[in-house]
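Enquirer: The structure file structure.cif (mmCIF, C-alpha atoms and all ligand atoms) is provided below.
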```
data_entry
loop_
_atom_site.label_atom_id
_atom_site.label_comp_id
_atom_site.auth_asym_id
_atom_site.auth_seq_id
_atom_site.Cartn_x
_atom_site.Cartn_y
_atom_site.Cartn_z
CA MET A 41 -11.17 8.00 -5.57
CA ARG A 42 -8.96 8.35 -8.61
CA ILE A 43 -5.44 6.90 -8.91
CA ASP A 44 -3.18 7.72 -11.85
CA ILE A 45 -0.18 5.47 -12.44
CA VAL A 46 2.82 6.95 -14.21
CA SER A 47 4.98 4.05 -15.33
CA LEU A 48 6.75 2.48 -18.28
CA PHE A 49 4.38 -0.46 -17.64
CA PRO A 50 1.14 1.16 -16.42
CA GLU A 51 -1.03 -1.78 -17.47
CA PHE A 52 1.06 -4.06 -15.24
CA VAL A 53 -0.13 -2.25 -12.10
CA ALA A 54 -3.79 -2.51 -13.15
CA GLN A 55 -3.34 -6.22 -13.90
CA VAL A 56 -1.59 -7.04 -10.65
CA ALA A 57 -3.88 -4.97 -8.44
CA GLY A 58 -7.11 -5.17 -10.43
CA HIS A 59 -8.60 -8.39 -9.00
CA GLY A 60 -10.81 -9.22 -6.02
CA VAL A 61 -11.56 -6.25 -3.79
CA VAL A 62 -9.83 -3.73 -6.08
CA GLY A 63 -11.70 -5.04 -9.13
CA ARG A 64 -14.96 -4.83 -7.19
CA ALA A 65 -14.16 -1.27 -6.03
CA GLN A 66 -13.70 -0.30 -9.69
CA GLU A 67 -16.95 -2.02 -10.73
CA ARG A 68 -18.78 -0.21 -7.94
CA GLY A 69 -17.43 3.15 -9.11
CA LEU A 70 -15.45 3.66 -5.88
CA LEU A 71 -12.06 3.66 -7.56
CA ALA A 72 -10.86 4.71 -11.01
CA LEU A 73 -7.39 3.61 -12.16
CA HIS A 74 -5.69 5.40 -15.07
CA GLY A 75 -2.32 4.55 -16.60
CA TRP A 76 0.14 7.02 -18.13
CA ASN A 77 3.30 6.05 -19.99
CA PRO A 78 6.15 8.60 -20.09
CA ARG A 79 7.28 7.04 -23.38
CA ASP A 80 4.12 8.52 -24.96
CA HIS A 81 5.51 11.94 -23.97
CA ALA A 82 9.09 11.36 -25.11
CA GLU A 83 10.52 12.89 -28.27
CA GLY A 84 12.49 11.48 -31.18
CA ASN A 85 12.26 8.24 -33.12
CA TYR A 86 13.37 6.19 -30.15
CA ARG A 87 11.10 7.92 -27.62
CA ARG A 88 13.90 7.86 -25.16
CA VAL A 89 13.02 8.13 -21.46
CA ASP A 90 16.40 7.41 -19.82
CA ASP A 91 20.03 8.46 -20.12
CA ARG A 92 23.41 7.78 -18.54
CA PRO A 93 24.10 9.23 -15.07
CA PHE A 94 26.32 12.29 -14.78
CA GLY A 95 29.43 11.42 -12.84
CA GLY A 96 29.57 7.98 -14.41
CA GLY A 97 28.65 4.66 -12.86
CA PRO A 98 26.34 1.84 -13.83
CA GLY A 99 22.73 1.97 -14.98
CA MET A 100 20.49 4.61 -16.45
CA VAL A 101 18.42 7.44 -14.96
CA MET A 102 14.87 8.43 -15.96
CA MET A 103 14.95 11.83 -17.68
CA ILE A 104 13.07 14.91 -16.55
CA ASP A 105 11.14 15.97 -19.63
CA PRO A 106 9.15 12.83 -20.58
CA LEU A 107 8.16 12.37 -16.92
CA ARG A 108 7.26 16.02 -16.52
CA ALA A 109 5.08 16.06 -19.62
CA CYS A 110 3.45 12.80 -18.57
CA LEU A 111 2.74 14.08 -15.04
CA SER A 112 1.33 17.27 -16.48
CA ALA A 113 -1.02 15.33 -18.80
CA ALA A 114 -2.11 13.14 -15.88
CA ARG A 115 -2.80 16.18 -13.66
CA ALA A 116 -4.79 17.91 -16.41
CA ALA A 117 -7.05 14.87 -16.95
CA ASP A 118 -9.09 15.67 -13.83
CA PRO A 119 -9.71 18.88 -11.86
CA ALA A 120 -9.37 17.14 -8.46
CA PRO A 121 -6.14 18.08 -6.66
CA ALA A 122 -3.62 15.25 -6.92
CA ARG A 123 -1.07 14.13 -4.35
CA VAL A 124 1.99 12.93 -6.27
CA ILE A 125 3.82 10.00 -4.68
CA TYR A 126 7.10 8.57 -5.86
CA LEU A 127 7.55 4.90 -4.93
CA SER A 128 11.11 4.66 -3.68
CA PRO A 129 13.19 2.49 -1.34
CA GLN A 130 14.36 5.79 0.16
CA GLY A 131 10.80 6.90 1.00
CA ARG A 132 8.87 6.86 4.24
CA PRO A 133 7.94 3.24 5.11
CA LEU A 134 4.27 2.54 4.35
CA THR A 135 2.09 1.82 7.40
CA GLN A 136 -1.62 1.17 7.84
CA ALA A 137 -1.99 4.62 9.40
CA ARG A 138 -0.46 6.21 6.30
CA VAL A 139 -2.67 4.01 4.07
CA ARG A 140 -5.76 5.31 5.95
CA ALA A 141 -4.67 8.90 5.34
CA LEU A 142 -3.97 8.26 1.64
CA ALA A 143 -7.32 6.49 1.23
CA ALA A 144 -9.05 9.73 2.26
CA GLU A 145 -7.39 11.72 -0.56
CA PRO A 146 -9.58 12.41 -3.60
CA ARG A 147 -6.76 11.60 -5.97
CA LEU A 148 -3.26 10.08 -6.00
CA VAL A 149 -0.67 10.04 -8.75
CA LEU A 150 1.79 7.17 -8.30
CA LEU A 151 5.14 7.64 -10.01
CA CYS A 152 7.04 4.40 -10.63
CA GLY A 153 10.78 4.52 -11.22
CA ARG A 154 12.94 2.09 -13.18
CA TYR A 155 16.69 1.67 -13.70
CA GLU A 156 18.72 3.63 -11.11
CA GLY A 157 15.73 5.87 -10.45
CA VAL A 158 14.55 9.34 -11.49
CA ASP A 159 16.50 12.59 -12.03
CA GLU A 160 16.49 14.23 -8.60
CA ARG A 161 15.39 17.62 -10.01
CA LEU A 162 12.09 16.11 -11.21
CA LEU A 163 11.48 14.61 -7.77
CA ALA A 164 12.20 17.93 -6.03
CA ALA A 165 9.87 19.85 -8.34
CA GLU A 166 6.93 17.47 -8.79
CA VAL A 167 6.69 14.99 -5.93
CA ASP A 168 4.79 15.58 -2.67
CA GLU A 169 5.91 12.43 -0.88
CA GLU A 170 8.13 9.37 -1.30
CA ILE A 171 6.89 6.01 -0.06
CA SER A 172 8.80 2.77 0.44
CA ILE A 173 7.16 -0.62 0.83
CA GLY A 174 10.13 -2.05 2.71
CA ASP A 175 13.88 -2.11 3.16
CA TYR A 176 14.73 -4.00 -0.02
CA VAL A 177 15.17 -2.96 -3.64
CA LEU A 178 12.73 -3.84 -6.42
CA SER A 179 13.60 -3.41 -10.07
CA GLY A 180 10.69 -1.02 -10.59
CA GLY A 181 8.04 0.93 -8.69
CA GLU A 182 5.12 -0.96 -10.25
CA LEU A 183 4.79 -3.66 -7.58
CA ALA A 184 5.05 -0.99 -4.89
CA ALA A 185 2.32 1.04 -6.66
CA ALA A 186 0.13 -2.08 -6.81
CA VAL A 187 0.59 -2.46 -3.03
CA VAL A 188 -0.57 1.13 -2.47
CA VAL A 189 -3.55 0.69 -4.84
CA ASP A 190 -4.68 -2.49 -3.09
CA ALA A 191 -4.26 -1.12 0.43
CA VAL A 192 -6.15 2.14 -0.22
CA ALA A 193 -8.84 0.57 -2.44
CA ARG A 194 -10.02 -1.83 0.26
CA LEU A 195 -10.56 1.14 2.61
CA GLN A 196 -12.92 2.93 0.21
CA GLU A 197 -16.37 2.91 1.78
CA GLY A 198 -18.37 0.07 0.19
CA ALA A 199 -15.36 -1.79 -1.26
CA LEU A 200 -15.43 -4.57 1.33
CA ASN A 201 -18.64 -6.56 1.65
CA ASP A 202 -18.29 -6.37 5.41
CA ALA A 203 -16.84 -3.04 6.57
CA GLU A 204 -16.26 -4.55 10.05
CA SER A 205 -13.54 -6.79 8.67
CA ALA A 206 -11.22 -3.84 7.96
CA ILE A 207 -11.73 -2.45 11.46
CA GLN A 208 -10.53 -5.66 13.12
CA ASP A 209 -7.54 -6.15 10.83
CA SER A 210 -3.98 -6.05 12.09
CA PHE A 211 -2.58 -2.51 12.73
CA GLU A 212 -6.08 -0.99 12.82
CA GLY A 213 -7.73 0.65 15.84
CA ASP A 214 -5.23 0.35 18.66
CA GLY A 215 -2.60 -1.13 16.37
CA LEU A 216 -2.56 -4.77 17.56
CA LEU A 217 -2.22 -7.82 15.33
CA ASP A 218 -5.48 -9.58 14.47
CA CYS A 219 -6.63 -12.66 16.44
CA PRO A 220 -6.48 -16.17 14.85
CA HIS A 221 -9.46 -17.29 12.73
CA TYR A 222 -11.09 -20.72 12.25
CA THR A 223 -13.81 -22.12 10.02
CA ARG A 224 -15.50 -25.50 9.42
CA PRO A 225 -14.98 -28.32 10.16
CA VAL A 226 -14.91 -28.08 13.97
CA GLU A 227 -12.79 -31.22 14.25
CA HIS A 228 -9.95 -31.95 11.87
CA ALA A 229 -6.82 -34.07 11.86
CA LEU A 230 -4.91 -30.76 12.21
CA GLY A 231 -6.77 -29.82 15.39
CA VAL A 232 -10.05 -28.63 16.88
CA VAL A 233 -11.60 -25.18 16.94
CA PRO A 234 -11.22 -23.48 20.37
CA PRO A 235 -14.53 -24.30 22.17
CA VAL A 236 -15.16 -20.68 23.24
CA LEU A 237 -15.78 -19.76 19.58
CA LEU A 238 -18.65 -22.28 19.50
CA SER A 239 -20.13 -21.16 22.82
CA GLY A 240 -22.40 -18.40 21.48
CA ASN A 241 -21.27 -16.25 24.43
CA HIS A 242 -20.36 -13.00 22.68
CA ALA A 243 -18.69 -11.41 25.70
CA GLU A 244 -16.47 -14.46 26.22
CA ILE A 245 -15.65 -14.63 22.49
CA ALA A 246 -14.67 -10.94 22.45
CA ARG A 247 -12.51 -11.47 25.56
CA TRP A 248 -10.80 -14.51 24.02
CA ARG A 249 -10.12 -12.65 20.77
CA ARG A 250 -8.71 -9.66 22.60
CA LYS A 251 -6.44 -11.90 24.65
CA GLN A 252 -5.21 -13.70 21.51
CA ALA A 253 -4.56 -10.39 19.73
CA LEU A 254 -2.62 -9.08 22.72
CA GLY A 255 -0.68 -12.33 23.10
CA ARG A 256 0.38 -12.65 19.49
CA THR A 257 1.30 -8.97 19.28
CA TRP A 258 3.44 -9.41 22.38
CA LEU A 259 5.11 -12.54 20.94
CA ARG A 260 5.44 -11.52 17.28
CA ARG A 261 5.60 -7.73 17.26
CA PRO A 262 6.44 -6.43 20.73
CA ASP A 263 7.45 -3.17 19.03
CA LEU A 264 3.73 -2.48 18.45
CA LEU A 265 2.80 -2.91 22.07
CA ASP A 266 3.17 -0.07 24.54
CA ARG A 267 2.38 -2.02 27.71
CA GLY A 268 2.32 1.08 29.83
CA ALA A 269 -0.40 2.61 27.65
CA LEU A 270 -2.63 -0.48 27.72
CA PRO A 271 -5.87 -0.25 29.69
CA ALA A 272 -5.81 -2.19 32.99
CA GLY A 273 -8.17 -4.86 31.54
CA ASP A 274 -5.71 -5.58 28.71
CA ARG A 275 -2.76 -5.78 31.11
CA ARG A 276 -4.69 -8.35 33.19
CA LEU A 277 -5.46 -10.40 30.05
CA LEU A 278 -1.76 -10.41 29.12
CA GLU A 279 -0.79 -11.57 32.58
CA GLU A 280 -3.39 -14.40 32.80
N1 LIG B 1 19.02 3.28 -7.05
C1 LIG B 1 17.83 3.28 -6.26
C2 LIG B 1 18.21 3.27 -4.78
O1 LIG B 1 19.10 2.51 -4.42
O2 LIG B 1 17.56 3.99 -3.99
C3 LIG B 1 16.99 2.04 -6.55
C4 LIG B 1 16.35 2.06 -7.89
S1 LIG B 1 15.29 0.67 -8.11
C5 LIG B 1 16.35 -0.48 -8.91
C6 LIG B 1 14.19 1.19 -9.40
C7 LIG B 1 12.86 1.73 -8.92
O3 LIG B 1 12.15 0.73 -8.19
C8 LIG B 1 12.90 2.91 -8.01
O4 LIG B 1 13.05 4.10 -8.75
C9 LIG B 1 11.57 2.84 -7.30
O5 LIG B 1 10.53 3.46 -8.05
C10 LIG B 1 11.29 1.34 -7.24
N2 LIG B 1 11.54 0.70 -5.94
C11 LIG B 1 12.56 -0.14 -5.65
N3 LIG B 1 12.51 -0.56 -4.40
C12 LIG B 1 11.41 0.00 -3.83
C13 LIG B 1 10.83 -0.05 -2.54
N4 LIG B 1 11.38 -0.76 -1.57
N5 LIG B 1 9.69 0.65 -2.32
C14 LIG B 1 9.14 1.40 -3.31
N6 LIG B 1 9.65 1.49 -4.56
C15 LIG B 1 10.78 0.81 -4.83
#
```
Just give me the structure of the file as structure tokens.
Expert:
Amino acid sequence: MRIDIVSLFPEFVAQVAGHGVVGRAQERGLLALHGWNPRDHAEGNYRRVDDRPFGGGPGMVMMIDPLRACLSAARAADPAPARVIYLSPQGRPLTQARVRALAAEPRLVLLCGRYEGVDERLLAAEVDEEISIGDYVLSGGELAAAVVVDAVARLQEGALNDAESAIQDSFEGDGLLDCPHYTRPVEHALGVVPPVLLSGNHAEIARWRRKQALGRTWLRRPDLLDRGALPAGDRRLLEE
């Protein structure tokens, strides 16, 4: 998969997102990250990329032409069709289901805004989708782009050492939260490991994990749980 980052600080996204699983995905040739700076496509001595908003008010707005030229250069760098995403607090909230769909695209172009945002005409003409990473305002789209890069990179086949781990993560499969995890030592001043996990009984361990996942989803994120749609076995586990 190829991801192009259009940003005034493209190297920032690669630095923030480029470690661990994402770094490994790049080393394994599963992901290629490319940065594009609209300032390199701006004209004049000052290479200006922003201007004052029409109608007055505070802040600056990113101008159409440097962004348009930059997007065009990014698109032309590879023949694969690119889905252009603008990171925006006004976008569709990012979910694991959306991440899965994006991870299956051959190519994404992530457009990061700054200041008050981007001239609306550029967004209408060039952007396929707007994505928000939450109901709060960042000072730039770069951290949001790094979130998208990380989330889609770990779903590339071969990026995780154990592909099973992604399947049992929170929000995957039937959308429950993950069960709790423990490792050595068995006994610690902070508590002991639940004995069932040491039993070697795989059916009992799976049942315990399922019950924990159901229980914590019910307690922490009841909005994720459609009790009516749960299989009878799950409803019994919840009621135990
Ligand atoms: N005036 C804009 C508004 O209220 O909708 C906010 C602009 S914000 C200060 C600058 C840039 O940060 C945006 O253009 C966008 O790219 C990015 N950004 C801010 N919050 C974000 C969020 N929650 N999700 C994704 N991107 C965000």
Enquirer: For ligand LIG 1 (chain B), which residue among A:Val158, A:Ala203, A:Ala137, A:Leu264 is the nearest when counting all atoms listed in the file?
Expert: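 Closest to ligand LIG 1 (chain B), using all atoms listed in the file: A:Val158.
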Enquirer: Please identify all protein, DNA and RNA residues within 12 Å of ligand LIG 1 (chain B), counting all atoms listed in the file, and report them as a ChimeraX atom specification.
Expert: /A:45-48,93,97-103,125-134,150-160,163,169-188
Enquirer: Tell me, in Å to one decimal, how far atom CA of A:Val61 is from atom CA of A:Pro78.
Expert: 28.3 Å
Enquirer: Kindly give the distance, in Å, that separates atom CA of A:Ser239 and atom CA of A:Gln252, rounded to a single decimal.
Expert: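 Here the two named atoms are 16.7 Å from each other.
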Enquirer: List the neighbours of A:Phe211 out to 8 Å using only C-alpha atoms; skip same-chain residues closer than 6 positions along the sequence, and give me the result as a ChimeraX atom specification.
Expert: /A:136-137,217-218
Enquirer: When you count only C-alpha atoms, which of these residues is closest to A:Ala164: A:Glu197, A:Pro262, A:Gly231, A:Ile104?
Expert: A:Ile104
Enquirer: Counting all atoms listed in the file, which residues of stretch 111-177 of chain A fall within 7 Å of stretch 190-196 of chain A, and what is the closest atom pair for each with its distance in Å at one decimal, ordered by chain and rising number, as CSV?
Expert:
```
residue,atom,partner,partner_atom,distance
A:Val139,CA,A:Val192,CA,5.8
A:Arg140,CA,A:Val192,CA,6.9
A:Leu142,CA,A:Val192,CA,6.8
A:Ala143,CA,A:Val192,CA,4.7
```
Enquirer: With N, CA and C atoms retained, output stretch 193-206 of chain A as a compact mmCIF listing (two decimals), in the first residue's frame.
Expert:
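Written file, decode.txt:
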```txt
# COMPACT_ATOMS: atom_id res chain seq x y z
N ALA A 193 -1.69 0.63 8.61
CA ALA A 193 -0.45 -0.11 8.38
C ALA A 193 -0.48 -1.45 9.11
N ARG A 194 -1.00 -1.46 10.34
CA ARG A 194 -0.97 -2.70 11.12
C ARG A 194 -1.92 -3.75 10.56
N LEU A 195 -2.84 -3.32 9.66
CA LEU A 195 -3.75 -4.29 9.04
C LEU A 195 -3.22 -4.82 7.71
N GLN A 196 -2.07 -4.32 7.26
CA GLN A 196 -1.51 -4.87 6.02
C GLN A 196 -1.04 -6.30 6.30
N GLU A 197 -1.39 -7.21 5.40
CA GLU A 197 -1.05 -8.61 5.64
C GLU A 197 0.46 -8.76 5.80
N GLY A 198 0.89 -9.34 6.92
CA GLY A 198 2.32 -9.54 7.18
C GLY A 198 2.94 -8.46 8.03
N ALA A 199 2.18 -7.40 8.36
CA ALA A 199 2.76 -6.32 9.18
C ALA A 199 2.89 -6.74 10.64
N LEU A 200 1.88 -7.45 11.15
CA LEU A 200 1.95 -7.93 12.53
C LEU A 200 2.61 -9.30 12.53
N ASN A 201 3.43 -9.57 13.55
CA ASN A 201 4.08 -10.88 13.59
C ASN A 201 3.05 -11.98 13.79
N ASP A 202 1.98 -11.67 14.53
CA ASP A 202 0.93 -12.64 14.74
C ASP A 202 -0.40 -12.04 14.25
N ALA A 203 -0.84 -12.49 13.07
CA ALA A 203 -2.05 -11.90 12.46
C ALA A 203 -3.27 -12.08 13.36
N GLU A 204 -3.26 -13.14 14.20
CA GLU A 204 -4.38 -13.40 15.12
C GLU A 204 -4.64 -12.21 16.03
N SER A 205 -3.55 -11.51 16.41
CA SER A 205 -3.70 -10.47 17.42
C SER A 205 -4.63 -9.36 16.93
N ALA A 206 -4.61 -9.06 15.63
CA ALA A 206 -5.50 -8.01 15.12
C ALA A 206 -6.94 -8.48 15.15
```
